[in-house]
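Asks: Have a peek at upload-v1.cif (mmCIF, C-alpha atoms).
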data_target
loop_
_atom_site.group_PDB
_atom_site.id
_atom_site.type_symbol
_atom_site.label_atom_id
_atom_site.label_comp_id
_atom_site.auth_asym_id
_atom_site.auth_seq_id
_atom_site.Cartn_x
_atom_site.Cartn_y
_atom_site.Cartn_z
ATOM 1 C CA MET Q 19 104.384 83.612 126.342
ATOM 2 C CA ARG Q 20 104.847 83.625 122.561
ATOM 3 C CA ARG Q 21 106.533 86.803 121.473
ATOM 4 C CA GLY Q 22 109.189 87.797 118.945
ATOM 5 C CA ASP Q 23 111.217 90.944 118.444
ATOM 6 C CA ASP Q 24 109.836 92.276 115.168
ATOM 7 C CA LEU Q 25 107.153 94.642 113.953
ATOM 8 C CA VAL Q 26 105.082 93.261 111.066
ATOM 9 C CA PHE Q 27 102.701 95.199 108.809
ATOM 10 C CA VAL Q 28 99.955 93.310 106.954
ATOM 11 C CA GLY Q 29 98.198 95.039 104.047
ATOM 12 C CA ASP Q 30 94.606 94.919 102.831
ATOM 13 C CA VAL Q 31 93.108 91.420 102.854
ATOM 14 C CA HIS Q 32 89.467 92.037 101.803
ATOM 15 C CA LEU Q 33 88.039 88.821 103.206
ATOM 16 C CA ASP Q 34 84.424 88.040 102.394
ATOM 17 C CA ARG Q 35 81.899 85.487 103.550
ATOM 18 C CA ASP Q 36 82.745 81.936 102.449
ATOM 19 C CA ASP Q 37 86.144 83.243 101.369
ATOM 20 C CA PRO Q 38 88.462 80.459 100.124
ATOM 21 C CA ASP Q 39 91.458 82.505 101.324
ATOM 22 C CA LEU Q 40 90.259 82.607 104.940
ATOM 23 C CA PRO Q 41 92.065 79.427 106.153
ATOM 24 C CA ALA Q 42 95.336 80.522 104.550
ATOM 25 C CA PHE Q 43 95.079 83.947 106.154
ATOM 26 C CA LEU Q 44 94.395 82.493 109.593
ATOM 27 C CA GLU Q 45 97.484 80.289 109.227
ATOM 28 C CA ALA Q 46 99.531 83.305 108.120
ATOM 29 C CA LEU Q 47 98.410 85.239 111.198
ATOM 30 C CA GLU Q 48 99.598 82.391 113.416
ATOM 31 C CA ARG Q 49 103.009 82.341 111.713
ATOM 32 C CA ILE Q 50 103.388 86.102 111.882
ATOM 33 C CA GLY Q 51 102.344 86.196 115.504
ATOM 34 C CA ALA Q 52 104.972 83.615 116.427
ATOM 35 C CA SER Q 53 107.798 85.972 115.432
ATOM 36 C CA ALA Q 54 106.334 89.422 116.047
ATOM 37 C CA ALA Q 55 106.122 91.594 119.116
ATOM 38 C CA ARG Q 56 103.651 93.845 117.314
ATOM 39 C CA VAL Q 57 101.412 93.350 114.277
ATOM 40 C CA VAL Q 58 99.816 96.273 112.451
ATOM 41 C CA LEU Q 59 96.850 95.501 110.216
ATOM 42 C CA MET Q 60 96.686 98.271 107.643
ATOM 43 C CA GLY Q 61 92.902 98.324 107.207
ATOM 44 C CA ASP Q 62 90.273 96.782 104.916
ATOM 45 C CA LEU Q 63 90.790 93.437 106.577
ATOM 46 C CA PHE Q 64 87.314 92.550 105.268
ATOM 47 C CA ASN Q 65 85.344 93.741 102.268
ATOM 48 C CA LEU Q 66 83.185 95.485 104.851
ATOM 49 C CA TRP Q 67 83.572 95.695 108.614
ATOM 50 C CA ILE Q 68 81.140 97.659 110.757
ATOM 51 C CA GLY Q 69 82.028 97.960 114.432
ATOM 52 C CA ASP Q 70 78.837 96.319 115.627
ATOM 53 C CA PRO Q 71 78.976 92.724 116.947
ATOM 54 C CA ALA Q 72 75.382 92.212 115.791
ATOM 55 C CA LEU Q 73 76.530 92.631 112.177
ATOM 56 C CA GLU Q 74 79.648 90.482 112.357
ATOM 57 C CA GLN Q 75 79.473 87.255 110.384
ATOM 58 C CA PRO Q 76 81.379 83.950 110.681
ATOM 59 C CA HIS Q 77 84.369 85.154 108.625
ATOM 60 C CA HIS Q 78 84.686 88.199 110.879
ATOM 61 C CA ARG Q 79 84.497 86.108 114.029
ATOM 62 C CA ALA Q 80 87.031 83.548 112.795
ATOM 63 C CA VAL Q 81 89.654 86.261 112.328
ATOM 64 C CA ILE Q 82 88.739 88.045 115.550
ATOM 65 C CA ASP Q 83 89.164 84.801 117.518
ATOM 66 C CA VAL Q 84 92.703 84.300 116.171
ATOM 67 C CA LEU Q 85 93.633 87.930 116.785
ATOM 68 C CA ARG Q 86 92.437 87.766 120.376
ATOM 69 C CA ALA Q 87 94.400 84.564 120.935
ATOM 70 C CA LEU Q 88 97.561 86.255 119.635
ATOM 71 C CA ARG Q 89 96.950 89.210 121.902
ATOM 72 C CA ARG Q 90 96.515 86.927 124.911
ATOM 73 C CA ASP Q 91 99.901 85.426 124.021
ATOM 74 C CA GLY Q 92 101.508 88.838 124.309
ATOM 75 C CA VAL Q 93 101.503 90.136 120.723
ATOM 76 C CA GLN Q 94 100.528 93.801 120.451
ATOM 77 C CA LEU Q 95 97.874 94.332 117.782
ATOM 78 C CA HIS Q 96 97.203 97.664 116.087
ATOM 79 C CA TYR Q 97 94.539 98.461 113.487
ATOM 80 C CA LEU Q 98 94.328 101.270 110.931
ATOM 81 C CA GLU Q 99 90.755 101.763 109.785
ATOM 82 C CA GLY Q 100 90.428 101.711 106.011
ATOM 83 C CA ASN Q 101 87.751 102.939 103.680
ATOM 84 C CA ARG Q 102 85.758 99.729 104.265
ATOM 85 C CA ASP Q 103 85.933 99.948 108.058
ATOM 86 C CA TYR Q 104 83.487 101.756 110.309
ATOM 87 C CA ARG Q 105 84.047 102.473 113.994
ATOM 88 C CA ILE Q 106 86.190 99.456 114.732
ATOM 89 C CA ALA Q 107 87.518 101.048 117.917
ATOM 90 C CA ARG Q 108 84.056 101.146 119.428
ATOM 91 C CA ALA Q 109 83.751 97.358 119.436
ATOM 92 C CA HIS Q 110 87.355 96.169 119.447
ATOM 93 C CA LEU Q 111 89.724 98.621 121.145
ATOM 94 C CA GLY Q 112 90.969 96.911 124.294
ATOM 95 C CA ALA Q 113 89.384 93.587 123.379
ATOM 96 C CA THR Q 114 90.914 92.759 120.001
ATOM 97 C CA PHE Q 115 93.356 95.625 119.457
ATOM 98 C CA ASP Q 116 95.722 97.642 121.611
ATOM 99 C CA ALA Q 117 95.438 100.673 119.329
ATOM 100 C CA VAL Q 118 93.013 101.717 116.580
ATOM 101 C CA SER Q 119 93.099 104.835 114.388
ATOM 102 C CA ASP Q 120 91.319 106.076 111.292
ATOM 103 C CA LEU Q 121 94.116 108.576 110.519
ATOM 104 C CA GLY Q 122 97.518 107.096 111.340
ATOM 105 C CA LEU Q 123 99.781 105.614 113.995
ATOM 106 C CA ASP Q 124 103.368 106.192 115.057
ATOM 107 C CA GLU Q 125 104.854 102.708 114.734
ATOM 108 C CA SER Q 126 108.509 103.582 115.344
ATOM 109 C CA TRP Q 127 110.716 100.509 115.717
ATOM 110 C CA GLY Q 128 114.373 99.541 115.705
ATOM 111 C CA GLY Q 129 115.532 103.135 115.818
ATOM 112 C CA ARG Q 130 113.366 104.157 112.857
ATOM 113 C CA ARG Q 131 110.511 106.642 113.077
ATOM 114 C CA ILE Q 132 107.681 105.078 111.094
ATOM 115 C CA TRP Q 133 104.313 106.661 110.337
ATOM 116 C CA ALA Q 134 101.639 104.214 109.199
ATOM 117 C CA SER Q 135 98.338 105.136 107.573
ATOM 118 C CA HIS Q 136 95.791 103.159 105.576
ATOM 119 C CA GLY Q 137 96.238 105.391 102.522
ATOM 120 C CA ASP Q 138 92.709 106.421 101.614
ATOM 121 C CA LEU Q 139 93.572 110.048 102.415
ATOM 122 C CA VAL Q 140 96.669 110.153 100.209
ATOM 123 C CA ASN Q 141 94.769 111.629 97.270
ATOM 124 C CA ALA Q 142 94.083 115.158 98.513
ATOM 125 C CA GLY Q 143 92.109 115.925 95.351
ATOM 126 C CA ASP Q 144 89.392 113.333 95.944
ATOM 127 C CA ALA Q 145 86.931 115.730 97.547
ATOM 128 C CA GLN Q 146 83.929 113.461 96.947
ATOM 129 C CA TYR Q 147 85.460 110.604 98.921
ATOM 130 C CA ARG Q 148 86.577 112.893 101.728
ATOM 131 C CA ILE Q 149 83.042 114.233 102.136
ATOM 132 C CA TRP Q 150 81.623 110.703 102.148
ATOM 133 C CA ARG Q 151 84.227 109.612 104.657
ATOM 134 C CA ARG Q 152 83.446 112.459 107.034
ATOM 135 C CA VAL Q 153 79.674 112.071 106.788
ATOM 136 C CA SER Q 154 79.529 108.267 106.978
ATOM 137 C CA ARG Q 155 81.711 108.195 110.106
ATOM 138 C CA SER Q 156 79.895 110.990 111.888
ATOM 139 C CA ASP Q 157 78.055 110.432 115.159
ATOM 140 C CA VAL Q 158 74.776 111.422 113.514
ATOM 141 C CA ALA Q 159 75.107 108.919 110.656
ATOM 142 C CA GLN Q 160 76.124 106.146 113.016
ATOM 143 C CA ALA Q 161 73.248 106.909 115.386
ATOM 144 C CA LEU Q 162 70.702 106.843 112.562
ATOM 145 C CA PHE Q 163 72.165 103.598 111.218
ATOM 146 C CA GLY Q 164 71.900 102.032 114.678
ATOM 147 C CA LEU Q 165 68.189 102.835 114.867
ATOM 148 C CA LEU Q 166 67.391 100.654 111.855
ATOM 149 C CA PRO Q 167 66.254 97.047 112.276
ATOM 150 C CA ARG Q 168 69.121 94.556 112.069
ATOM 151 C CA SER Q 169 67.899 93.102 108.740
ATOM 152 C CA ARG Q 170 67.747 96.568 107.213
ATOM 153 C CA ARG Q 171 71.276 97.342 108.431
ATOM 154 C CA PHE Q 172 72.486 94.142 106.767
ATOM 155 C CA ARG Q 173 70.934 95.110 103.431
ATOM 156 C CA LEU Q 174 72.367 98.605 103.557
ATOM 157 C CA ALA Q 175 75.801 97.274 104.459
ATOM 158 C CA GLU Q 176 75.765 94.760 101.609
ATOM 159 C CA GLY Q 177 74.701 97.433 99.130
ATOM 160 C CA LEU Q 178 77.475 99.708 100.351
ATOM 161 C CA GLU Q 179 80.048 96.943 99.927
ATOM 162 C CA ARG Q 180 78.946 96.295 96.317
ATOM 163 C CA ARG Q 181 79.222 99.982 95.416
ATOM 164 C CA MET Q 182 82.639 100.348 97.003
ATOM 165 C CA ARG Q 183 84.170 97.570 94.920
ATOM 166 C CA GLY Q 184 84.268 99.925 91.952
ATOM 167 C CA THR Q 185 85.737 102.982 93.673
ATOM 168 C CA ASN Q 186 89.250 104.433 93.425
ATOM 169 C CA LEU Q 187 90.252 102.027 90.651
ATOM 170 C CA GLU Q 188 92.200 104.645 88.695
ATOM 171 C CA MET Q 189 94.555 105.400 91.589
ATOM 172 C CA LYS Q 190 95.059 101.668 92.191
ATOM 173 C CA ARG Q 191 95.926 101.027 88.533
ATOM 174 C CA GLU Q 192 98.506 103.792 88.400
ATOM 175 C CA LEU Q 193 100.007 105.014 91.654
ATOM 176 C CA PRO Q 194 101.812 108.325 90.977
ATOM 177 C CA SER Q 195 104.924 108.875 93.064
ATOM 178 C CA SER Q 196 104.185 112.623 93.116
ATOM 179 C CA THR Q 197 100.949 111.982 95.024
ATOM 180 C CA LEU Q 198 102.733 109.752 97.519
ATOM 181 C CA ASN Q 199 105.498 112.321 97.957
ATOM 182 C CA ALA Q 200 103.014 115.106 98.590
ATOM 183 C CA PHE Q 201 101.418 113.055 101.358
ATOM 184 C CA ALA Q 202 104.665 111.828 102.919
ATOM 185 C CA SER Q 203 106.772 114.990 102.726
ATOM 186 C CA PRO Q 204 105.198 116.822 105.709
ATOM 187 C CA LEU Q 205 105.489 113.674 107.817
ATOM 188 C CA MET Q 206 109.136 113.308 106.899
ATOM 189 C CA ARG Q 207 109.836 116.954 107.647
ATOM 190 C CA ASP Q 208 108.442 116.223 111.105
ATOM 191 C CA GLY Q 209 110.978 113.443 111.534
ATOM 192 C CA ALA Q 210 109.496 110.279 110.024
ATOM 193 C CA ASP Q 211 112.107 108.034 108.403
ATOM 194 C CA ALA Q 212 109.469 105.932 106.659
ATOM 195 C CA VAL Q 213 105.798 106.218 105.716
ATOM 196 C CA VAL Q 214 103.968 102.906 105.403
ATOM 197 C CA LEU Q 215 100.670 102.664 103.496
ATOM 198 C CA GLY Q 216 98.129 100.111 102.379
ATOM 199 C CA HIS Q 217 95.022 100.756 100.258
ATOM 200 C CA PHE Q 218 96.646 100.775 96.811
ATOM 201 C CA HIS Q 219 97.175 96.998 96.530
ATOM 202 C CA GLN Q 220 100.650 97.413 95.020
ATOM 203 C CA GLU Q 221 104.000 96.567 96.579
ATOM 204 C CA LEU Q 222 106.280 99.573 96.473
ATOM 205 C CA ASP Q 223 109.508 100.608 98.189
ATOM 206 C CA LEU Q 224 110.280 104.163 97.138
ATOM 207 C CA ALA Q 225 113.431 105.957 98.349
ATOM 208 C CA VAL Q 226 112.600 109.654 98.369
ATOM 209 C CA ALA Q 227 115.707 111.040 100.134
ATOM 210 C CA PRO Q 228 118.706 109.632 101.977
ATOM 211 C CA GLY Q 229 117.291 107.499 104.763
ATOM 212 C CA LYS Q 230 113.683 108.302 103.789
ATOM 213 C CA ARG Q 231 111.322 105.697 102.305
ATOM 214 C CA ILE Q 232 107.693 105.268 101.322
ATOM 215 C CA LEU Q 233 106.534 101.646 101.484
ATOM 216 C CA VAL Q 234 103.187 100.442 100.150
ATOM 217 C CA LEU Q 235 101.908 96.993 101.046
ATOM 218 C CA PRO Q 236 100.374 94.773 98.380
ATOM 219 C CA LEU Q 237 96.936 93.206 98.483
ATOM 220 C CA TRP Q 238 97.504 90.181 100.721
ATOM 221 C CA LYS Q 239 95.310 87.858 98.646
ATOM 222 C CA GLU Q 240 97.407 88.410 95.532
ATOM 223 C CA ARG Q 241 100.933 88.402 96.964
ATOM 224 C CA ARG Q 242 100.632 86.977 100.497
ATOM 225 C CA ARG Q 243 103.469 89.231 101.559
ATOM 226 C CA CYS Q 244 103.969 91.445 104.566
ATOM 227 C CA LEU Q 245 106.453 94.110 105.660
ATOM 228 C CA ARG Q 246 108.796 93.190 108.518
ATOM 229 C CA VAL Q 247 110.805 95.626 110.628
ATOM 230 C CA THR Q 248 113.448 93.906 112.717
ATOM 231 C CA ALA Q 249 114.823 94.985 116.072
ATOM 232 C CA ASP Q 250 117.821 96.594 114.337
ATOM 233 C CA GLY Q 251 115.569 98.656 112.033
ATOM 234 C CA THR Q 252 115.885 96.568 108.859
ATOM 235 C CA MET Q 253 112.721 96.892 106.730
ATOM 236 C CA ARG Q 254 111.907 94.247 104.143
ATOM 237 C CA PHE Q 255 108.975 92.735 102.293
ATOM 238 C CA GLU Q 256 108.674 88.974 102.705
ATOM 239 C CA GLU Q 257 106.314 86.031 102.296
ATOM 240 C CA SER Q 258 103.864 85.637 105.125
#
Just dump the structure as structure tokens.
Replies:
Amino acid sequence: MRRGDDLVFVGDVHLDRDDPDLPAFLEALERIGASAARVVLMGDLFNLWIGDPALEQPHHRAVIDVLRALRRDGVQLHYLEGNRDYRIARAHLGATFDAVSDLGLDESWGGRRIWASHGDLVNAGDAQYRIWRRVSRSDVAQALFGLLPRSRRFRLAEGLERRMRGTNLEMKRELPSSTLNAFASPLMRDGADAVVLGHFHQELDLAVAPGKRILVLPLWKERRRCLRVTADGTMRFEES
């Protein structure tokens, strides 16, 4: 059984069909899996991922196949649904992933209490996105979507993906520490030593109090870096 001692976080990847970065990412997953006991994918693994096998395309299936092979080898796999993910647990919890959440996961490791979240809910003032998020993930919306013919679902999904490429750009250009602190502070008051986020595509390690850190993972395609937590609690960004 292939299994290491570390916890590894991988940030947004945003793979697309015919993506030239797909082979490199699959190789990175293999390397990470060889040294990790648990891997947490921080969401937005693809430019759009709908939890419906009928809508999954070759680039989805290529990644899913590698993830399932890692899981068979004993690596725990967790997934945090991002703003481009829809109902991943429905299709992949228990088959591809050991845990899936659209809010956050307790990923404590090496004596550190770590709270991980995708990051799309960090900006409490983005009411428009929060409404869209709630409505688009509702049972009613998902049921109506499922009633459409497969070709129509494809067209709607592709249109959604194009529109989402231009959202939240201001927060990604300039990531205010005050906004991060406002999100992380309640979690840290509850005992978290570190809050780990994706979504913003920037690498950041922010010490906010003695023994308290906010870590933001970069866009994998740009930096090809991950966050490793060792068995003794050391947390560091490194090449993947």
Asks: Can you tell me which residues surround range 35-38 of chain Q at a distance of at most 8 Å, considering all atoms listed in the file, apart from same-chain residues fewer than 3 positions away, and format the answer as a list in words?
Replies: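 Selected residues are Pro41, Gln75, Pro76 and His77 of chain Q.
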Asks: Identify, on the basis of only C-alpha atoms, every residue whose closest approach to Val213 in chain Q does not exceed 9 Å; exclude the query and any residue fewer than 5 positions from it along the same chain; express the result as a list in words.
Replies: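 With the cut-off at 9 Å, the set is Arg131, Ile132, Trp133, Ala134, Ser135, Ala202, Leu205, Met206, Lys230, Arg231, Ile232, Leu233 and Val234 of chain Q.
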Asks: Which one is closest to Val57 in chain Q: Q:Val247, Q:Leu237, Q:Ile82, Q:Ile149? Count all atoms listed in the file.
Replies: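 Distance minimum relative to Val57 in chain Q lands on Q:Val247.
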Asks: When you look at range 97-104 of chain Q with a cut-off of 7 Å (counting all atoms listed in the file), what residues show up, excluding the ones that are within fewer than 3 positions of it in the same chain? I need them as a list of chain:residue names.
Replies: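 Near range 97-104 of chain Q, the qualifying residues are Q:Val58, Q:Leu59, Q:Met60, Q:Gly61, Q:Asp62, Q:Asn65, Q:Leu66, Q:Trp67, Q:Ile68, Q:Gly69, Q:Phe115, Q:Ala117, Q:Val118, Q:Ser119, Q:Asp120, Q:Gly122, Q:Ser135, Q:His136, Q:Asp138, Q:Arg155.
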Asks: Fewer than 6 positions away in the same chain doesn't count, so skip those; otherwise give me all residues within 7 Å of Leu63 in chain Q, counting all atoms listed in the file, as a list of chain:residue names.
Replies: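 Close residues of Leu63 in chain Q: Q:Asp30, Q:Val31, Q:His32, Q:Leu33.
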Asks: If I wrap all listed atoms of range 25-37 of chain Q in a box with edges along x, y and z and add 6 Å on each side, what are its centre and edge lengths in Å to one decimal, as JSON?
Replies:
{"center_x": 94.5, "center_y": 88.6, "center_z": 107.7, "size_x": 37.3, "size_y": 25.3, "size_z": 24.6}
Asks: Q:Asp34, Q:Asp39, Q:Glu257, Q:Asp83: which is nearest Thr114 in chain Q, counting all atoms listed in the file?
Replies: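 Of Q:Asp34, Q:Asp39, Q:Glu257, Q:Asp83, the one nearest Thr114 in chain Q is Q:Asp83, counting all atoms listed in the file.
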